[in-house]
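With mmCIF, C-alpha atoms inside, this is input-v9.cif:
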```
data_start
#
loop_
_atom_site.label_atom_id
_atom_site.label_comp_id
_atom_site.auth_asym_id
_atom_site.auth_seq_id
_atom_site.Cartn_x
_atom_site.Cartn_y
_atom_site.Cartn_z
CA ASN V 1 93.45 110.10 112.43
CA ALA V 2 90.89 107.70 110.98
CA GLY V 3 93.31 104.80 110.35
CA VAL V 4 91.45 101.97 108.61
CA THR V 5 87.77 102.59 107.89
CA GLN V 6 85.36 99.84 106.86
CA THR V 7 81.82 100.17 105.62
CA PRO V 8 79.22 98.96 106.28
CA LYS V 9 79.58 97.85 109.89
CA PHE V 10 76.57 95.54 109.72
CA GLN V 11 74.78 93.90 106.79
CA VAL V 12 72.15 91.22 106.37
CA LEU V 13 71.87 89.53 103.00
CA LYS V 14 69.72 86.83 101.50
CA THR V 15 71.38 83.85 99.83
CA GLY V 16 72.37 84.77 96.30
CA GLN V 17 72.53 88.52 96.83
CA SER V 18 75.71 90.43 96.14
CA MET V 19 77.45 93.14 98.06
CA THR V 20 80.75 94.99 98.38
CA LEU V 21 82.63 95.74 101.57
CA GLN V 22 84.61 98.94 101.36
CA CYS V 23 87.90 99.65 103.07
CA ALA V 24 90.04 102.77 103.08
CA GLN V 25 93.24 103.66 104.95
CA ASP V 26 94.81 107.06 105.39
CA MET V 27 98.26 105.96 106.59
CA ASN V 28 99.91 105.71 103.15
CA HIS V 29 100.43 101.97 103.63
CA ASN V 30 101.42 99.81 100.70
CA SER V 31 99.85 96.53 101.76
CA MET V 32 96.18 95.83 102.45
CA TYR V 33 94.37 92.68 103.54
CA TRP V 34 90.94 91.15 103.98
CA TYR V 35 90.48 88.59 106.75
CA ARG V 36 87.42 86.80 108.00
CA GLN V 37 86.96 85.86 111.63
CA ASP V 38 84.87 82.88 112.69
CA PRO V 39 84.48 81.40 116.18
CA GLY V 40 87.19 78.88 116.97
CA MET V 41 88.99 79.49 113.68
CA GLY V 42 90.82 82.72 114.33
CA LEU V 43 91.45 85.03 111.40
CA ARG V 44 91.83 83.59 107.93
CA LEU V 45 93.22 85.55 105.04
CA ILE V 46 90.88 85.94 102.09
CA TYR V 47 92.86 88.20 99.74
CA TYR V 48 95.68 90.64 100.06
CA SER V 49 97.35 93.35 98.03
CA ALA V 50 101.05 93.93 98.52
CA SER V 51 100.97 97.15 96.55
CA GLU V 52 98.71 99.23 94.36
CA GLY V 53 97.84 97.27 91.24
CA THR V 54 98.48 93.80 92.67
CA THR V 55 96.20 91.32 94.43
CA ASP V 56 96.76 87.74 95.56
CA LYS V 57 94.66 84.96 96.99
CA GLY V 58 94.96 84.05 100.60
CA GLU V 59 93.82 80.94 102.44
CA VAL V 60 90.06 81.16 101.75
CA PRO V 61 89.43 83.12 98.49
CA ASN V 62 86.54 81.09 97.05
CA GLY V 63 83.36 83.12 96.65
CA TYR V 64 85.13 86.48 96.90
CA ASN V 65 86.69 89.03 94.59
CA VAL V 66 88.75 92.10 95.42
CA SER V 67 89.73 95.36 93.84
CA ARG V 68 92.65 97.54 94.84
CA LEU V 69 91.13 100.76 93.56
CA ASN V 70 94.11 102.93 94.48
CA LYS V 71 96.68 103.04 97.25
CA ARG V 72 94.04 103.96 99.83
CA GLU V 73 91.14 101.66 98.97
CA PHE V 74 90.70 97.89 98.86
CA SER V 75 87.21 96.46 98.38
CA LEU V 76 85.88 92.94 98.88
CA ARG V 77 82.95 91.70 96.79
CA LEU V 78 80.64 88.77 97.38
CA GLU V 79 79.02 88.00 94.03
CA SER V 80 76.47 85.45 95.26
CA ALA V 81 76.35 85.31 99.04
CA ALA V 82 76.04 81.97 100.82
CA PRO V 83 75.25 81.21 104.48
CA SER V 84 78.83 79.94 104.89
CA GLN V 85 79.98 83.52 104.32
CA THR V 86 78.31 84.69 107.51
CA SER V 87 81.26 86.09 109.39
CA VAL V 88 83.00 89.17 110.69
CA TYR V 89 85.25 90.69 108.05
CA PHE V 90 88.32 92.73 108.87
CA CYS V 91 90.32 94.93 106.61
CA ALA V 92 93.92 95.69 107.58
CA SER V 93 96.86 97.61 106.20
CA SER V 94 100.57 97.63 106.83
CA VAL V 95 103.93 98.94 105.73
CA TRP V 96 106.72 96.40 105.84
CA GLY V 97 110.32 97.00 106.73
CA LEU V 98 111.04 98.48 110.14
CA ASN V 99 107.37 98.06 111.07
CA THR V 100 107.19 94.51 109.80
CA GLY V 101 104.21 92.55 111.01
CA GLU V 102 102.30 95.49 112.38
CA LEU V 103 98.91 95.31 110.77
CA PHE V 104 96.43 98.08 111.47
CA PHE V 105 92.88 96.76 111.57
CA GLY V 106 89.51 98.32 110.95
CA GLU V 107 86.68 97.74 113.40
CA GLY V 108 85.13 94.98 111.34
CA SER V 109 82.02 94.40 109.24
CA ARG V 110 79.53 91.88 110.57
CA LEU V 111 77.79 90.07 107.71
CA THR V 112 74.85 87.70 108.09
CA VAL V 113 73.64 85.66 105.12
CA LEU V 114 70.20 84.12 105.53
CA ALA P 1 104.06 76.84 105.17
CA GLN P 2 104.09 78.67 108.45
CA SER P 3 101.54 78.02 111.18
CA VAL P 4 100.92 78.66 114.85
CA THR P 5 99.03 76.63 117.43
CA GLN P 6 97.50 78.23 120.47
CA LEU P 7 96.92 75.82 123.32
CA GLY P 8 93.72 76.55 125.19
CA SER P 9 90.86 78.43 123.58
CA HIS P 10 89.79 79.78 126.97
CA VAL P 11 91.96 80.74 129.94
CA SER P 12 90.70 82.12 133.25
CA VAL P 13 92.93 83.68 135.88
CA SER P 14 92.27 85.61 139.05
CA GLU P 15 93.00 89.32 139.20
CA GLY P 16 96.62 89.72 140.29
CA ALA P 17 97.65 86.22 139.18
CA LEU P 18 100.13 85.28 136.48
CA VAL P 19 98.86 85.24 132.91
CA LEU P 20 100.33 82.57 130.61
CA LEU P 21 99.02 82.13 127.07
CA ARG P 22 100.70 79.45 125.00
CA CYS P 23 101.75 79.56 121.36
CA ASN P 24 103.83 77.08 119.38
CA TYR P 25 104.95 77.73 115.84
CA SER P 26 105.95 75.80 112.78
CA SER P 27 108.10 77.54 110.21
CA SER P 28 110.47 76.55 107.44
CA VAL P 29 112.53 79.70 107.96
CA PRO P 30 113.54 81.59 111.12
CA PRO P 31 110.18 83.02 112.14
CA TYR P 32 108.90 86.45 112.83
CA LEU P 33 106.27 86.04 115.56
CA PHE P 34 103.58 88.34 116.93
CA TRP P 35 100.94 88.62 119.58
CA TYR P 36 97.80 90.63 118.90
CA VAL P 37 94.93 91.51 121.24
CA GLN P 38 91.27 92.01 120.38
CA TYR P 39 88.90 93.78 122.74
CA PRO P 40 85.14 93.23 122.28
CA ASN P 41 83.72 94.62 119.06
CA GLN P 42 87.08 95.98 117.94
CA GLY P 43 89.78 95.07 115.48
CA LEU P 44 93.10 93.55 116.49
CA GLN P 45 96.04 95.58 117.73
CA LEU P 46 99.68 94.60 118.07
CA LEU P 47 100.91 93.69 121.57
CA LEU P 48 104.48 92.74 120.72
CA LYS P 49 106.66 91.16 118.07
CA TYR P 50 109.80 89.05 117.70
CA THR P 51 111.92 89.73 114.63
CA SER P 52 115.18 87.92 115.51
CA ALA P 53 116.65 90.50 117.86
CA ALA P 54 116.29 89.91 121.64
CA THR P 55 114.54 86.64 122.48
CA LEU P 56 112.64 88.25 125.37
CA VAL P 57 110.28 90.79 123.92
CA LYS P 58 108.37 93.39 125.92
CA GLY P 59 105.10 94.78 124.72
CA ILE P 60 102.35 97.13 125.76
CA ASN P 61 100.30 96.86 128.96
CA GLY P 62 103.00 94.90 130.83
CA PHE P 63 102.97 91.85 128.55
CA GLU P 64 106.09 90.05 127.40
CA ALA P 65 106.93 86.95 125.40
CA GLU P 66 110.00 84.76 125.08
CA PHE P 67 111.11 83.14 121.85
CA LYS P 68 112.43 79.63 122.51
CA LYS P 69 113.77 77.99 119.39
CA SER P 70 114.39 74.63 121.07
CA GLU P 71 110.74 74.43 122.10
CA THR P 72 109.34 76.21 119.00
CA SER P 73 107.36 78.36 121.41
CA PHE P 74 106.46 82.02 121.87
CA HIS P 75 104.36 82.10 125.04
CA LEU P 76 102.81 85.35 126.26
CA THR P 77 103.03 86.26 129.95
CA LYS P 78 102.08 89.02 132.35
CA PRO P 79 103.05 88.86 136.04
CA SER P 80 99.83 90.29 137.44
CA ALA P 81 96.48 90.23 135.65
CA HIS P 82 94.19 93.25 135.56
CA MET P 83 90.49 93.28 134.80
CA SER P 84 91.27 95.34 131.72
CA ASP P 85 93.27 92.41 130.27
CA ALA P 86 90.09 90.51 129.51
CA ALA P 87 90.16 90.09 125.73
CA GLU P 88 90.99 87.61 122.99
CA TYR P 89 94.66 87.08 122.16
CA PHE P 90 96.05 85.87 118.87
CA CYS P 91 99.50 84.56 118.07
CA ALA P 92 100.68 85.06 114.47
CA VAL P 93 103.63 84.18 112.25
CA SER P 94 104.97 86.01 109.21
CA ASP P 95 105.91 84.22 106.00
CA ARG P 96 108.83 86.68 105.66
CA ASN P 97 108.20 87.04 101.96
CA PHE P 98 109.70 90.50 102.00
CA GLY P 99 107.74 92.95 99.91
CA ASN P 100 104.82 90.55 99.79
CA GLU P 101 104.46 89.53 103.41
CA LYS P 102 101.37 88.23 105.13
CA LEU P 103 100.54 86.94 108.59
CA THR P 104 98.99 83.62 109.56
CA PHE P 105 97.01 83.76 112.80
CA GLY P 106 96.28 81.14 115.42
CA THR P 107 92.76 80.32 116.52
CA GLY P 108 92.90 82.65 119.51
CA THR P 109 92.71 82.38 123.30
CA ARG P 110 89.96 84.16 125.20
CA LEU P 111 91.28 85.45 128.53
CA THR P 112 88.82 85.92 131.39
CA ILE P 113 89.85 87.70 134.58
CA ILE P 114 88.14 86.60 137.79
CA PRO P 115 87.67 89.41 140.34
#
```
Since I need it in another form, could you write the structure as structure tokens?
Amino acid sequence: NAGVTQTPKFQVLKTGQSMTLQCAQDMNHNSMYWYRQDPGMGLRLIYYSASEGTTDKGEVPNGYNVSRLNKREFSLRLESAAPSQTSVYFCASSVWGLNTGELFFGEGSRLTVL
Amino acid sequence: AQSVTQLGSHVSVSEGALVLLRCNYSSSVPPYLFWYVQYPNQGLQLLLKYTSAATLVKGINGFEAEFKKSETSFHLTKPSAHMSDAAEYFCAVSDRNFGNEKLTFGTGTRLTIIP
């Protein structure tokens, strides 16, 4: 079972460039999330999608856009990358109810903006 | 809004000693609380969760946590540390917005095990 798959795993960008982080899950989960992880700050929610066709802003949405392409896929786009967006990005998915709170994470995408 | 505070960004314990990682929460509703673990270069995985059933919750790898409402705490413990426990640990709280839930994470505690 693949679980949550993120691509790319590593990326270096120049300031002002754009890129899209891809995420796909094969667990038939309804909810998907994008977090960023920075030293000393834990994980902060960028955007989430409670179900196919819906997206909502999290704690730190500025500079990002998302697309919930279908139930499996949730992409994160940086339109004009800035050095402050250097971070490790995690995609996660979950199904609420009996399994409430159990997020399944991808392995992360390490982004450096020069 | 819900939040969690993890006391101590770094904790070191000797192999075989007690592990205690501290987490305090703030929540406007009865909280759902979680502990996640992150091994190097990996994503997070769930250790245990409290969802208003038993206040003492047992998780994987011998970890447990106790929900104490009077102290607004959800500290993580393990009686005897193993080298394999070296990782970063995150406490998290759910906003319990059923059908549209999301987790808020603490800043993490890096656990080092001394041989």
Closest pair table for chain P residues within 10 Å of chain V, all atoms listed in the file, as a Markdown table:
```
| residue | atom | partner | partner_atom | distance |
| --- | --- | --- | --- | --- |
| P:Ser9 | CA | V:Gly40 | CA | 7.6 |
| P:Tyr32 | CA | V:Gly101 | CA | 7.9 |
| P:Leu33 | CA | V:Gly101 | CA | 8.2 |
| P:Phe34 | CA | V:Gly101 | CA | 7.3 |
| P:Trp35 | CA | V:Gly101 | CA | 10.0 |
| P:Tyr36 | CA | V:Glu102 | CA | 9.3 |
| P:Asn41 | CA | V:Glu107 | CA | 7.1 |
| P:Gln42 | CA | V:Glu107 | CA | 4.9 |
| P:Gly43 | CA | V:Glu107 | CA | 4.6 |
| P:Leu44 | CA | V:Phe105 | CA | 5.9 |
| P:Gln45 | CA | V:Phe104 | CA | 6.8 |
| P:Leu46 | CA | V:Glu102 | CA | 6.3 |
| P:Leu47 | CA | V:Glu102 | CA | 9.5 |
| P:Leu48 | CA | V:Glu102 | CA | 9.0 |
| P:Lys49 | CA | V:Gly101 | CA | 7.6 |
| P:Tyr50 | CA | V:Gly101 | CA | 9.4 |
| P:Thr51 | CA | V:Thr100 | CA | 8.3 |
| P:Glu88 | CA | V:Gly42 | CA | 9.9 |
| P:Tyr89 | CA | V:Gly42 | CA | 9.8 |
| P:Phe90 | CA | V:Gly42 | CA | 7.6 |
| P:Cys91 | CA | V:Gly42 | CA | 9.6 |
| P:Ala92 | CA | V:Gly101 | CA | 9.0 |
| P:Val93 | CA | V:Gly101 | CA | 8.5 |
| P:Ser94 | CA | V:Gly101 | CA | 6.8 |
| P:Asp95 | CA | V:Gly101 | CA | 9.9 |
| P:Arg96 | CA | V:Thr100 | CA | 9.0 |
| P:Phe98 | CA | V:Trp96 | CA | 7.6 |
| P:Gly99 | CA | V:Ala50 | CA | 6.9 |
| P:Asn100 | CA | V:Ala50 | CA | 5.2 |
| P:Glu101 | CA | V:Ala50 | CA | 7.4 |
| P:Lys102 | CA | V:Gly101 | CA | 7.8 |
| P:Leu103 | CA | V:Gly101 | CA | 7.1 |
| P:Thr104 | CA | V:Arg44 | CA | 7.3 |
| P:Phe105 | CA | V:Leu43 | CA | 5.9 |
| P:Gly106 | CA | V:Gly42 | CA | 5.8 |
| P:Thr107 | CA | V:Gly42 | CA | 3.8 |
| P:Gly108 | CA | V:Gly42 | CA | 5.6 |
| P:Thr109 | CA | V:Gly40 | CA | 9.1 |
```
Subject >> For atom CA of P:Tyr39 and atom CA of V:Val60, the interatomic separation in Å (one decimal) >> reply: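 That distance, rounded to one decimal, is 24.5 Å.
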Subject >> Residue contacts of P:Ile114 (12 Å, all atoms listed in the file) excluding same-chain residues fewer than 4 positions away, as a list of chain:residue names >> reply: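 Answer for this query is P:Val11, P:Ser12, P:Val13, P:Ser14, P:Glu15, P:Gly16, P:Ala17, P:Val19, P:Ala81, P:His82, P:Met83, P:Ser84, P:Asp85, P:Ala86.
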Go ahead and save the residues from that selection, with C-alpha atoms, as a PDB file, in the frame of the given file.
```pdb
ATOM      1  CA  VAL P  11      91.960  80.740 129.940  1.00  0.00           C
ATOM      2  CA  SER P  12      90.700  82.120 133.250  1.00  0.00           C
ATOM      3  CA  VAL P  13      92.930  83.680 135.880  1.00  0.00           C
ATOM      4  CA  SER P  14      92.270  85.610 139.050  1.00  0.00           C
ATOM      5  CA  GLU P  15      93.000  89.320 139.200  1.00  0.00           C
ATOM      6  CA  GLY P  16      96.620  89.720 140.290  1.00  0.00           C
ATOM      7  CA  ALA P  17      97.650  86.220 139.180  1.00  0.00           C
ATOM      8  CA  VAL P  19      98.860  85.240 132.910  1.00  0.00           C
ATOM      9  CA  ALA P  81      96.480  90.230 135.650  1.00  0.00           C
ATOM     10  CA  HIS P  82      94.190  93.250 135.560  1.00  0.00           C
ATOM     11  CA  MET P  83      90.490  93.280 134.800  1.00  0.00           C
ATOM     12  CA  SER P  84      91.270  95.340 131.720  1.00  0.00           C
ATOM     13  CA  ASP P  85      93.270  92.410 130.270  1.00  0.00           C
ATOM     14  CA  ALA P  86      90.090  90.510 129.510  1.00  0.00           C
TER      15      ALA P  86
END
```
Subject >> Nearest-residue call for P:Ile113, choices P:Gln6, P:Gly62, P:Asn97, P:Ala87, using all atoms listed in the file >> reply: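 Among P:Gln6, P:Gly62, P:Asn97, P:Ala87, it is P:Ala87 that comes nearest to P:Ile113.
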**OP:** Run the PyMOL selection byres ((chain V and resi 25) around 7) mentally over the shown coordinates, then write out the matched residues as a PyMOL selection string, using the chain letters and numbers from the document.
**Re:** chain V and resi 3-5+23-24+26-27+72-73
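Here atom CA of P:Pro79 is placed at a distance of 26.8 Å from atom CA of P:Ser26.
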**OP:** Could you check how far atom CA of V:Lys14 sits from atom CA of V:Ser80, in Å to one decimal?
**Re:** 9.3 Å
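Of the residues listed (P:His10, P:Lys69, P:Arg110, P:His75), P:Lys69 shows the shortest atom-to-atom separation from P:Val29; distances use all atoms listed in the file.
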